[in-house]
Amino acid sequence: MTQDHLIEARLAPATRTFDSCEPAHPERVVGTFALGGADEVALAVAAAAAAEDWARRSILERGEIVRRAGAAMRDRAADLATLIAREVGKPVLEAGAEVERAAVTCDYVAGQARLAEGELYASDGPAARALTWRRPLGVVAIITPWNFPIGLPLWKLAPALLYGNAVVWKPSEQAPATAAALHEIWLDAGLPAGALGVVFGEAEAGAALVAEEGVAAVSFTGSTAVGRRIAAVAAARGAAVQLELGGKNAVLVLGDADLDLATRLIVQGATSYGGQKCSATSRVVAVDTVYDELRERLAHAFGALRVGDPLAAETDVGPLIDAAAVARAQRYLGAANSDGTTVVVGGEPIDGDGHFMRPALVDGVAPGSQLAWEELFAPVLAMIRAADLEAAIAIVNGTEYGFFTTICSSNVDALLELAPRIDSGIVKHNTVTTAADPHLPFGGWKASGNAVPEQGLAAREFFTRTQTLYFG
Ligand code: NAD
């Protein structure tokens with residue numbers, strides 16, 4: 001059976017469809033979905049624009065629905081984790097952590113309903129008083145990737161809906177079944193159907209949504225190339241844009257680092273979900289005095305990783321999302337070998353029908369090379385040797401991206417001393433790159449975003465506009 005778009009509008013039966021398949025078993029179909037285009041997008045935006053009642057409800061009532069959506073996620077956590085593991089190949093324990101994190105986000109965002117809605121000012125006007133308050137934007141578009149199919153949409157959906165917007169969401173074509181499950185949770189939590197429409201499809205549907213005149217703002221997470229295209233189209237018609245894009249994140253290992261700790265957090269950051277995270281550690285920049293010992297420890301840890309079935313609790317690394325992802329990693333590793341760098345351990349694809357490869361540790365990567373520069377989105381870690389701290393900082397900053405950097409040092413002052421010199425939106429000390437709290441702004445610099453962060457109170461900034469009221 002084909003799952004049709006989840007919108008409050010009469011739809012003709014889908015003439016075009018696509019399948020979502022399991023990365024671990026590509027012959028297994030998770031579901032068949034209607035493939036949307038400009039017509040379905042136009043219907044979805046019109047239906048969302050008609051859902052005006054949602055904006056008129058009190059924010060406390062909307063907050064209660066956000067809270068209930070989080071509770072429903074916890075109730076269905078095991079099923080959701082299994083679905084994520086099947087549909088995008090994320091190891092099931094990691095998938096469970098994603099669901100819990102999404103529920104925590106709902107708890108936090110629901111709490112924002114009880115913050116001040118505005119501010120009272122003195123005024124030169126007749127009543128000597130004016131106030132500002134925040135109003136919804138109207139219909140907003142959300143376009144998301146496949147790698148956090150519950151977590152990332154939720155970061156956007158929860159604040160967008162809390163603040164009274166109606167949403168049209170174009171989920172990734174590689175995670176539509178998880179999107180349908182999340183939509184059902186919102187409706188069960190009491191969200192009126194018109195307030196959230198889901199159009200399934202690929203780039204064509206996403207591009208049509210960005211171009212729709214009725215869409216006031218676009219929140220996009222995905223690749224830098226697509227984000228830049230979206231920004232140009234949205235800006236041309238005056239729509240607000242939030243872009244969360246790619247990364248080439250480094251762990252900077254200083255001479256006084258605890259190498260046990262550094263090894264653990266680097267391995268976790270580089271290989272959890274097969275390195276398929278915008279926050280993944282894809283470069284280690286280590287100063288010369290600790291480089292060789294760190295390489296030996298990392299090689300040992302990489303060699304011990306268990307690659308396999310994402311539904312098995314003991315699996316460290318599951319499959320990559322598709323065959324093209326494995327082929328791309330193989331191409332990069334092949335080029336690296338001919339560059340004079342060495343694959344110390346791993347890298348080989350695993351025979352069988354799923355999209356599996358062993359995590360690769362690559363030694364002696366030159367700072368300007370492809371492996372040091374381009375986002376690969378695979379479990380491939382580039383080690384780059386730096387003569388000293390100054391050289392290390394230059395290497396860390398030497399890519400077009402600027403998302404996460406972790407500094408490993410036994411001196412906690414290193415964070416405050418070095419962060420001003422690091423061109424990253426998020427800088428950490430002795431902590432894995434791949435984690436972020438829901439109440440703190442989340443966003444990358446340079447090619448990793450457009451400096452419009454999400455989460456925390458930053459989400460309220462994006463999903464509302466200010467109205468100023470003068471009393472007379
Ligand atoms: P992608 O850019 O290929 O696709 C993302 C979404 O955009 C999908 O829904 C896709 O259908 C849609 N899309 C594609 N072309 C479009 C177009 N021209 N107009 C409108 N929509 C279009 O990314 P992906 O492969 O799904 O995800 C991986 C990328 O996402 C990586 O670069 C990763 O770093 C990034 N990412 C960033 C963050 C973050 O928070 N910064 C988080 C997760 C993933």
# chains A, B, ... in the order shown; residues from 1 in each chain; ligands from 1
>>> residues_near_ligand(ligand="ligand 1", cutoff="9 Å", atoms="only C-alpha atoms and all ligand atoms", output="PyMOL selection string")
chain A and resi 142-148+152+170-175+200-211+220-227+229-230+243-248+276-280+375-377+403+442-444+448-449+454
>>> select_by_dssp(residues="stretch 198-392 of chain A", states="strand (DSSP E)", output="ChimeraX atom specification")
/A:198,217-221,240-244,249-253,281-287,342-345,360-363,380-386
>>> closest_atom_pairs(of="stretch 368-440 of chain A", to="stretch 321-345 of chain A", cutoff="12 Å", atoms="only C-alpha atoms", output="tab-separated table")
residue	atom	partner	partner_atom	distance
A:Gly368	CA	A:Asp339	CA	11.5
A:Ser369	CA	A:Ala336	CA	8.4
A:Gln370	CA	A:Tyr332	CA	7.6
A:Leu371	CA	A:Tyr332	CA	6.8
A:Ala372	CA	A:Ala336	CA	10.1
A:Trp373	CA	A:Tyr332	CA	11.4
A:Glu374	CA	A:Tyr332	CA	9.7
A:Glu375	CA	A:Ala329	CA	10.5
A:Leu376	CA	A:Ala329	CA	6.9
A:Phe377	CA	A:Ala325	CA	7.8
A:Ala378	CA	A:Ala329	CA	6.6
A:Pro379	CA	A:Ala329	CA	8.5
A:Val380	CA	A:Ala329	CA	7.6
A:Leu381	CA	A:Val343	CA	9.6
A:Ala382	CA	A:Val343	CA	9.2
A:Met383	CA	A:Thr341	CA	9.7
A:Ile384	CA	A:Thr341	CA	10.2
A:Arg385	CA	A:Thr341	CA	11.8
>>> select_by_dssp(residues="stretch 39-151 of chain A", states="alpha helix (DSSP H)", output="NGL selection string")
:A and (39-49 or 53-56 or 59-75 or 77-88 or 92-112 or 151)
>>> write_last_selection(atoms="C-alpha atoms", output="PDB file, in the first residue's frame")
ATOM      1  CA  ASP A  39       1.087  20.429  -6.995  1.00  0.00           C
ATOM      2  CA  GLU A  40       1.101  18.566  -3.686  1.00  0.00           C
ATOM      3  CA  VAL A  41       3.270  21.240  -2.095  1.00  0.00           C
ATOM      4  CA  ALA A  42       0.832  23.981  -3.183  1.00  0.00           C
ATOM      5  CA  LEU A  43      -2.079  22.029  -1.673  1.00  0.00           C
ATOM      6  CA  ALA A  44      -0.177  21.481   1.568  1.00  0.00           C
ATOM      7  CA  VAL A  45       0.733  25.156   1.919  1.00  0.00           C
ATOM      8  CA  ALA A  46      -2.863  26.220   1.243  1.00  0.00           C
ATOM      9  CA  ALA A  47      -4.140  23.740   3.848  1.00  0.00           C
ATOM     10  CA  ALA A  48      -1.633  25.006   6.408  1.00  0.00           C
ATOM     11  CA  ALA A  49      -2.592  28.624   5.693  1.00  0.00           C
ATOM     12  CA  ASP A  53      -7.223  28.432  14.658  1.00  0.00           C
ATOM     13  CA  TRP A  54      -3.878  27.050  15.808  1.00  0.00           C
ATOM     14  CA  ALA A  55      -2.298  30.507  16.098  1.00  0.00           C
ATOM     15  CA  ARG A  56      -5.325  31.796  18.034  1.00  0.00           C
ATOM     16  CA  ILE A  59       0.477  29.310  24.019  1.00  0.00           C
ATOM     17  CA  LEU A  60      -0.152  27.300  27.189  1.00  0.00           C
ATOM     18  CA  GLU A  61      -2.562  25.066  25.279  1.00  0.00           C
ATOM     19  CA  ARG A  62      -0.047  24.633  22.474  1.00  0.00           C
ATOM     20  CA  GLY A  63       2.684  23.937  25.026  1.00  0.00           C
ATOM     21  CA  GLU A  64       0.582  21.148  26.523  1.00  0.00           C
ATOM     22  CA  ILE A  65       0.357  19.498  23.093  1.00  0.00           C
ATOM     23  CA  VAL A  66       4.149  19.755  22.699  1.00  0.00           C
ATOM     24  CA  ARG A  67       4.561  18.157  26.142  1.00  0.00           C
ATOM     25  CA  ARG A  68       2.169  15.342  25.223  1.00  0.00           C
ATOM     26  CA  ALA A  69       4.061  14.697  21.985  1.00  0.00           C
ATOM     27  CA  GLY A  70       7.234  14.177  24.052  1.00  0.00           C
ATOM     28  CA  ALA A  71       5.411  11.816  26.417  1.00  0.00           C
ATOM     29  CA  ALA A  72       4.081   9.832  23.435  1.00  0.00           C
ATOM     30  CA  MET A  73       7.616   9.487  22.107  1.00  0.00           C
ATOM     31  CA  ARG A  74       8.733   7.970  25.391  1.00  0.00           C
ATOM     32  CA  ASP A  75       5.738   5.597  25.357  1.00  0.00           C
ATOM     33  CA  ALA A  77      10.435   4.692  22.250  1.00  0.00           C
ATOM     34  CA  ALA A  78      11.168   1.024  21.565  1.00  0.00           C
ATOM     35  CA  ASP A  79       9.075   0.943  18.372  1.00  0.00           C
ATOM     36  CA  LEU A  80      10.504   4.232  17.140  1.00  0.00           C
ATOM     37  CA  ALA A  81      14.081   3.085  17.804  1.00  0.00           C
ATOM     38  CA  THR A  82      13.454  -0.117  15.858  1.00  0.00           C
ATOM     39  CA  LEU A  83      11.952   1.822  12.973  1.00  0.00           C
ATOM     40  CA  ILE A  84      14.928   4.219  12.861  1.00  0.00           C
ATOM     41  CA  ALA A  85      17.352   1.273  13.000  1.00  0.00           C
ATOM     42  CA  ARG A  86      15.570  -0.394  10.085  1.00  0.00           C
ATOM     43  CA  GLU A  87      14.976   2.668   7.947  1.00  0.00           C
ATOM     44  CA  VAL A  88      18.295   4.524   8.250  1.00  0.00           C
ATOM     45  CA  VAL A  92      19.265   0.607  17.905  1.00  0.00           C
ATOM     46  CA  LEU A  93      20.757   1.908  21.165  1.00  0.00           C
ATOM     47  CA  GLU A  94      21.791   5.133  19.453  1.00  0.00           C
ATOM     48  CA  ALA A  95      18.345   5.350  17.884  1.00  0.00           C
ATOM     49  CA  GLY A  96      16.784   4.989  21.350  1.00  0.00           C
ATOM     50  CA  ALA A  97      18.997   7.808  22.620  1.00  0.00           C
ATOM     51  CA  GLU A  98      17.812   9.977  19.722  1.00  0.00           C
ATOM     52  CA  VAL A  99      14.178   9.370  20.657  1.00  0.00           C
ATOM     53  CA  GLU A 100      14.810  10.207  24.305  1.00  0.00           C
ATOM     54  CA  ARG A 101      16.684  13.358  23.280  1.00  0.00           C
ATOM     55  CA  ALA A 102      13.697  14.358  21.140  1.00  0.00           C
ATOM     56  CA  ALA A 103      11.391  13.832  24.119  1.00  0.00           C
ATOM     57  CA  VAL A 104      13.665  16.001  26.298  1.00  0.00           C
ATOM     58  CA  THR A 105      13.484  18.677  23.596  1.00  0.00           C
ATOM     59  CA  CYS A 106       9.676  18.572  23.808  1.00  0.00           C
ATOM     60  CA  ASP A 107       9.850  18.924  27.615  1.00  0.00           C
ATOM     61  CA  TYR A 108      12.143  21.921  27.265  1.00  0.00           C
ATOM     62  CA  VAL A 109      10.201  23.623  24.462  1.00  0.00           C
ATOM     63  CA  ALA A 110       6.877  23.050  26.251  1.00  0.00           C
ATOM     64  CA  GLY A 111       8.384  24.922  29.223  1.00  0.00           C
ATOM     65  CA  GLN A 112       9.032  27.956  26.990  1.00  0.00           C
ATOM     66  CA  GLY A 151      15.555  14.337  16.495  1.00  0.00           C
TER      67      GLY A 151
END
